[in-house]
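So this one's run12.cif, mmCIF, C-alpha atoms and all ligand atoms:
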data_run
loop_
_atom_site.label_atom_id
_atom_site.label_comp_id
_atom_site.auth_asym_id
_atom_site.auth_seq_id
_atom_site.Cartn_x
_atom_site.Cartn_y
_atom_site.Cartn_z
CA MET A 322 -14.72 -40.46 -94.82
CA ASP A 323 -16.25 -42.41 -91.87
CA LYS A 324 -13.11 -44.54 -91.79
CA VAL A 325 -10.87 -41.47 -91.50
CA LEU A 326 -13.14 -39.99 -88.82
CA ASN A 327 -13.12 -43.26 -86.84
CA SER A 328 -9.34 -43.58 -86.91
CA LEU A 329 -9.05 -39.95 -85.81
CA ILE A 330 -11.41 -40.60 -82.87
CA ASN A 331 -9.46 -43.77 -81.96
CA ALA A 332 -6.18 -41.88 -82.09
CA LEU A 333 -7.57 -39.12 -79.88
CA GLN A 334 -8.90 -41.67 -77.35
CA PHE A 335 -5.47 -43.39 -77.31
CA GLU A 336 -3.75 -40.05 -76.71
CA LYS A 337 -6.26 -39.13 -73.97
CA LYS A 338 -5.76 -42.47 -72.18
CA HIS A 339 -1.96 -42.19 -72.31
CA PHE A 340 -2.01 -38.52 -71.39
CA ARG A 341 -4.09 -39.39 -68.29
CA LYS A 342 -1.58 -42.12 -67.40
CA TYR A 343 1.29 -39.66 -67.86
CA ILE A 344 -0.43 -37.10 -65.61
CA ALA A 345 -1.09 -39.81 -62.97
CA VAL A 346 2.60 -40.86 -62.98
CA THR A 347 3.73 -37.24 -62.79
CA GLU A 348 1.33 -36.48 -59.93
CA GLU A 349 2.53 -39.59 -58.07
CA LEU A 350 6.16 -38.54 -58.56
CA GLU A 351 5.48 -35.04 -57.34
CA LYS A 352 3.58 -36.32 -54.29
CA GLU A 353 6.45 -38.63 -53.29
CA ASP A 354 9.01 -35.90 -54.01
CA THR A 355 7.14 -33.44 -51.75
CA LEU A 356 6.87 -36.03 -48.97
CA LEU A 357 10.57 -36.87 -49.25
CA GLU A 358 11.48 -33.19 -49.15
CA SER A 359 9.42 -32.63 -46.03
CA ASP A 360 10.93 -35.71 -44.30
CA ILE A 361 14.45 -34.45 -45.06
CA MET A 362 13.66 -30.91 -43.95
CA ASN A 363 12.34 -32.21 -40.61
CA CYS A 364 15.13 -34.74 -40.07
CA ARG A 365 17.23 -34.57 -36.90
CA LYS A 366 18.64 -38.08 -37.04
CA CYS A 367 22.24 -36.96 -36.73
CA SER A 368 23.94 -33.91 -35.26
CA LEU A 369 24.59 -32.30 -38.65
CA TYR A 370 21.11 -30.77 -38.71
CA SER A 371 22.20 -28.32 -36.00
CA THR A 372 25.12 -26.83 -37.96
CA ALA A 373 23.65 -26.93 -41.48
CA VAL A 374 22.42 -23.63 -42.90
CA ASN A 375 20.26 -25.44 -45.46
CA LYS A 376 19.33 -29.02 -46.16
CA VAL A 377 20.57 -29.89 -49.65
CA ILE A 378 18.16 -32.36 -51.21
CA GLY A 379 18.65 -32.74 -54.95
CA SER A 380 18.27 -31.01 -58.29
CA GLY A 381 17.70 -31.77 -61.93
CA ASN A 382 15.38 -34.05 -63.79
CA LEU A 383 13.24 -36.43 -61.70
CA SER A 384 12.73 -38.64 -64.77
CA ALA A 385 16.41 -38.77 -65.73
CA ASN A 386 18.12 -41.97 -66.85
CA ILE A 387 21.34 -40.84 -65.19
CA MET A 388 21.71 -40.01 -61.51
CA LEU A 389 24.87 -38.46 -60.04
CA VAL A 390 25.60 -38.97 -56.36
CA GLY A 391 28.21 -36.98 -54.45
CA GLU A 392 29.33 -37.26 -50.84
CA ALA A 393 27.97 -34.27 -48.95
CA PRO A 394 27.20 -30.59 -49.45
CA GLY A 395 30.10 -28.14 -49.31
CA GLU A 396 30.06 -24.53 -48.15
CA GLU A 397 28.40 -23.04 -51.23
CA GLU A 398 25.81 -25.83 -51.43
CA ASP A 399 25.01 -25.33 -47.74
CA LYS A 400 24.50 -21.59 -48.32
CA ARG A 401 22.25 -22.06 -51.31
CA GLY A 402 20.53 -25.37 -50.53
CA VAL A 403 21.41 -26.74 -53.99
CA PRO A 404 23.84 -29.60 -54.75
CA PHE A 405 26.96 -29.04 -56.86
CA VAL A 406 27.10 -25.28 -57.11
CA GLY A 407 30.29 -23.25 -56.65
CA ARG A 408 33.61 -24.44 -58.10
CA ALA A 409 32.89 -28.17 -57.85
CA GLY A 410 29.55 -27.53 -59.54
CA GLU A 411 31.23 -25.68 -62.40
CA LYS A 412 33.66 -28.58 -62.83
CA LEU A 413 30.75 -31.00 -62.85
CA GLU A 414 29.07 -28.95 -65.58
CA GLU A 415 32.28 -29.16 -67.60
CA MET A 416 32.35 -32.93 -67.07
CA LEU A 417 28.75 -33.29 -68.27
CA LYS A 418 29.40 -31.05 -71.27
CA TYR A 419 32.23 -33.37 -72.27
CA ILE A 420 29.61 -36.04 -73.02
CA GLY A 421 27.06 -33.60 -74.43
CA LEU A 422 24.85 -33.32 -71.34
CA SER A 423 23.84 -30.56 -68.96
CA LYS A 424 22.73 -30.56 -65.32
CA ASN A 425 19.10 -30.53 -66.52
CA ASP A 426 19.55 -33.91 -68.23
CA VAL A 427 20.45 -35.71 -65.01
CA TYR A 428 19.38 -35.89 -61.37
CA ILE A 429 22.00 -34.78 -58.85
CA CYS A 430 22.16 -35.35 -55.11
CA ASN A 431 24.51 -36.29 -52.26
CA VAL A 432 24.62 -39.10 -49.73
CA LEU A 433 24.37 -36.61 -46.85
CA LYS A 434 21.79 -33.87 -47.01
CA CYS A 435 23.52 -31.65 -44.40
CA ARG A 436 27.03 -30.22 -44.62
CA PRO A 437 29.61 -31.69 -42.23
CA PRO A 438 31.35 -28.69 -40.61
CA HIS A 439 34.68 -27.74 -42.23
CA ASN A 440 33.88 -30.19 -45.07
CA ALA A 441 34.95 -33.13 -42.92
CA ASP A 442 34.63 -36.60 -44.44
CA PRO A 443 31.19 -38.11 -43.71
CA THR A 444 31.31 -40.58 -40.82
CA ARG A 445 29.84 -44.07 -41.06
CA GLU A 446 27.17 -43.10 -38.51
CA GLN A 447 26.14 -40.02 -40.49
CA GLU A 448 25.94 -42.05 -43.69
CA GLU A 449 23.88 -44.74 -41.99
CA SER A 450 21.47 -42.11 -40.65
CA CYS A 451 21.01 -40.41 -44.01
CA ILE A 452 21.16 -43.30 -46.49
CA VAL A 453 17.42 -43.94 -46.27
CA PHE A 454 16.80 -40.64 -48.07
CA LEU A 455 19.17 -41.51 -50.89
CA LYS A 456 17.45 -44.88 -51.26
CA ARG A 457 14.10 -43.10 -51.54
CA GLN A 458 15.56 -40.75 -54.17
CA ILE A 459 16.82 -43.71 -56.19
CA LYS A 460 13.38 -45.33 -55.96
CA LEU A 461 11.73 -42.10 -57.01
CA VAL A 462 13.96 -41.30 -60.00
CA LYS A 463 14.48 -44.94 -61.07
CA PRO A 464 17.65 -44.11 -63.04
CA LYS A 465 19.15 -46.61 -65.46
CA VAL A 466 22.62 -45.76 -64.29
CA ILE A 467 24.17 -44.05 -61.27
CA LEU A 468 27.55 -42.34 -61.37
CA THR A 469 29.04 -42.02 -57.90
CA LEU A 470 31.43 -39.12 -57.35
CA GLY A 471 34.16 -39.90 -54.84
CA ARG A 472 34.92 -42.84 -52.59
CA HIS A 473 32.33 -42.05 -49.88
CA ALA A 474 29.53 -41.93 -52.42
CA ALA A 475 30.71 -45.21 -53.99
CA SER A 476 30.84 -47.06 -50.68
CA ALA A 477 27.46 -45.67 -49.53
CA VAL A 478 25.58 -46.39 -52.77
CA LEU A 479 27.09 -49.87 -53.06
CA ASP A 480 26.75 -50.53 -49.32
CA LYS A 481 30.39 -51.54 -48.97
CA GLU A 482 32.81 -50.85 -46.13
CA SER A 483 35.82 -49.99 -48.26
CA LYS A 484 36.65 -46.34 -48.86
CA ASN A 485 39.40 -47.28 -51.29
CA MET A 486 38.60 -45.64 -54.64
CA TYR A 487 40.56 -48.29 -56.55
CA GLU A 488 38.02 -50.91 -55.47
CA TYR A 489 35.32 -49.05 -57.40
CA LEU A 490 37.03 -47.67 -60.49
CA ASN A 491 36.73 -49.41 -63.87
CA LYS A 492 33.92 -51.69 -62.71
CA VAL A 493 30.20 -51.82 -63.38
CA PHE A 494 28.07 -52.81 -60.37
CA GLU A 495 24.36 -53.44 -60.20
CA ILE A 496 21.92 -52.54 -57.41
CA ASP A 497 18.17 -52.79 -56.82
CA GLY A 498 17.56 -55.41 -59.46
CA GLY A 499 19.19 -53.77 -62.45
CA ILE A 500 20.37 -50.20 -61.84
CA LYS A 501 23.98 -50.01 -63.07
CA VAL A 502 26.48 -48.18 -60.89
CA ILE A 503 29.83 -46.85 -62.00
CA SER A 504 32.22 -44.73 -59.98
CA THR A 505 34.53 -41.87 -60.67
CA TYR A 506 36.38 -39.16 -58.77
CA HIS A 507 34.60 -36.20 -57.18
CA PRO A 508 35.01 -33.01 -59.30
CA ALA A 509 36.87 -31.48 -56.32
CA ALA A 510 39.60 -34.11 -56.84
CA ILE A 511 40.30 -32.60 -60.27
CA LEU A 512 40.23 -29.09 -58.84
CA TYR A 513 42.55 -29.66 -55.93
CA SER A 514 45.03 -32.22 -57.26
CA LYS A 515 48.26 -31.19 -58.95
CA GLY A 516 50.81 -32.31 -61.54
CA GLU A 517 50.86 -35.96 -62.58
CA ALA A 518 48.10 -36.89 -60.11
CA LYS A 519 45.78 -34.31 -61.69
CA ASN A 520 46.48 -35.68 -65.17
CA LYS A 521 45.76 -39.24 -64.06
CA ILE A 522 42.47 -38.21 -62.43
CA ARG A 523 41.39 -36.26 -65.52
CA ILE A 524 42.10 -39.22 -67.82
CA GLN A 525 40.20 -41.57 -65.49
CA VAL A 526 37.21 -39.20 -65.22
CA ALA A 527 37.08 -38.73 -69.01
CA SER A 528 37.03 -42.49 -69.55
CA ASP A 529 34.35 -42.99 -66.86
CA LEU A 530 32.16 -40.32 -68.43
CA VAL A 531 32.38 -41.96 -71.85
CA LYS A 532 31.50 -45.28 -70.20
CA LEU A 533 28.53 -43.63 -68.44
CA LYS A 534 27.19 -42.25 -71.71
CA GLY A 535 27.65 -45.63 -73.37
CA ILE A 536 25.81 -47.53 -70.62
CA ALA A 537 22.96 -44.99 -70.47
CA GLY A 538 22.59 -45.17 -74.25
CA GLU A 539 22.57 -48.97 -74.35
CA LEU A 540 19.92 -49.48 -71.67
S1 LIG B 1 22.63 -35.41 -42.58
FE1 LIG B 1 20.82 -36.60 -43.12
S2 LIG B 1 20.40 -37.84 -41.31
FE2 LIG B 1 21.74 -36.16 -40.64
S3 LIG B 1 20.29 -34.56 -39.97
FE3 LIG B 1 20.82 -34.14 -42.11
S4 LIG B 1 19.15 -35.13 -43.27
FE4 LIG B 1 19.11 -36.01 -41.20
#
Would it be possible to restate this file's structure as structure tokens?
Ligand code: SF4
Amino acid sequence: MDKVLNSLINALQFEKKHFRKYIAVTEELEKEDTLLESDIMNCRKCSLYSTAVNKVIGSGNLSANIMLVGEAPGEEEDKRGVPFVGRAGEKLEEMLKYIGLSKNDVYICNVLKCRPPHNADPTREQEESCIVFLKRQIKLVKPKVILTLGRHAASAVLDKESKNMYEYLNKVFEIDGGIKVISTYHPAAILYSKGEAKNKIRIQVASDLVKLKGIAGEL
């Protein structure tokens, strides 16, 4: 009986110790997340702060293994302050569903936290001003794999000059000592392309998503 009681006490102490550690990690995450949010909200490093309705920081699971990075907020995201809502967001949900995931299983953000007026392509200067926040998000979430959506996101995350999508497709890169990075098209590319081009993009995206799931599962 004493033996059973002792092992029960030991098990409870083990649980208590690990629960405390879990709470400490969670508190640390939340503290850093709050600080990051406040730094972004107060940022005026580039002119986009003056035209943005809302800063769009990120959404989803801070402990996710998979992080999705887009280029910049669009009109609907700017209105609501949430990344990937509206039509592109719905397409992204469809993409995630294809590999059995939902938006709550991943962390989602953009390179730029403010919308460029008229959905203009992000400039190099804007990306350079904002990239520090994305780097802090990557450090915070510590994903196993990042999926970049679109050529601007690929070049910013991988710190490369080229905006040519073909330089990033069908490759697996590595950043920050082990985080895998793969690239695919932005959901808007599926929405707004037509005919044969649309088919090609859809096939590419489907294959990239399967690769993403495979890499996340292996790590
Ligand atoms: S886009 Fe980024 S760097 Fe520019 S003002 Fe917004 S948060 Fe700051």
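Interatomic distance, atom CA of Gln525 of chain A to atom CA of Ile387 of chain A: 18.9 Å.
With only C-alpha atoms and all ligand atoms as the atoms that count, the minimum distance from ligand LIG 1 (chain B) to the choices A:Ile496, A:Cys364, A:Met388, A:Leu512 is reached by A:Cys364.
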Show me which residues sit within 7 Å of ligand LIG 1 (chain B) when counting all atoms listed in the file, and put them as a PyMOL selection string. chain A and resi 361-362+364-370+376+433-435+447+450-451
Test item: residues at most 8 Å from Lys412 of chain A, only C-alpha atoms, excluding those fewer than 3 positions along its chain, as JSON, numbers by chain: {"A": [408, 409, 415, 416, 508, 509, 512]}
Nearby residues (only C-alpha atoms) at most 12 Å from Met486 of chain A, same-chain spacing under 3 positions excluded, as a PyMOL selection string: chain A and resi 469-476+481-483+489-492+503-507+510+522+525
Between A:Leu479, A:Thr444, A:Ser384, A:Ala518, which has the minimum distance to Val493 of chain A (counting all atoms listed in the file)? A:Leu479
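Picture a line from atom CA of Lys424 of chain A to atom CA of Phe454 of chain A; it runs 20.8 Å.
Across the structure, atom CA of Gln458 of chain A and atom CA of Lys418 of chain A are spaced 24.0 Å apart.
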Between A:Val432, A:Pro437, A:Gly516, A:Ile500, single out the one closest to Lys460 of chain A, counting all atoms listed in the file. A:Ile500
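Of the residues listed (A:Ile429, A:Leu357, A:Val466, A:Val478), A:Val466 shows the shortest atom-to-atom separation from Ile536 of chain A; distances use all atoms listed in the file.
Residue nearest Lys534 of chain A, chosen from A:Pro443, A:Pro438, A:Gly499, A:Gly421 and counting only C-alpha atoms: A:Gly421.
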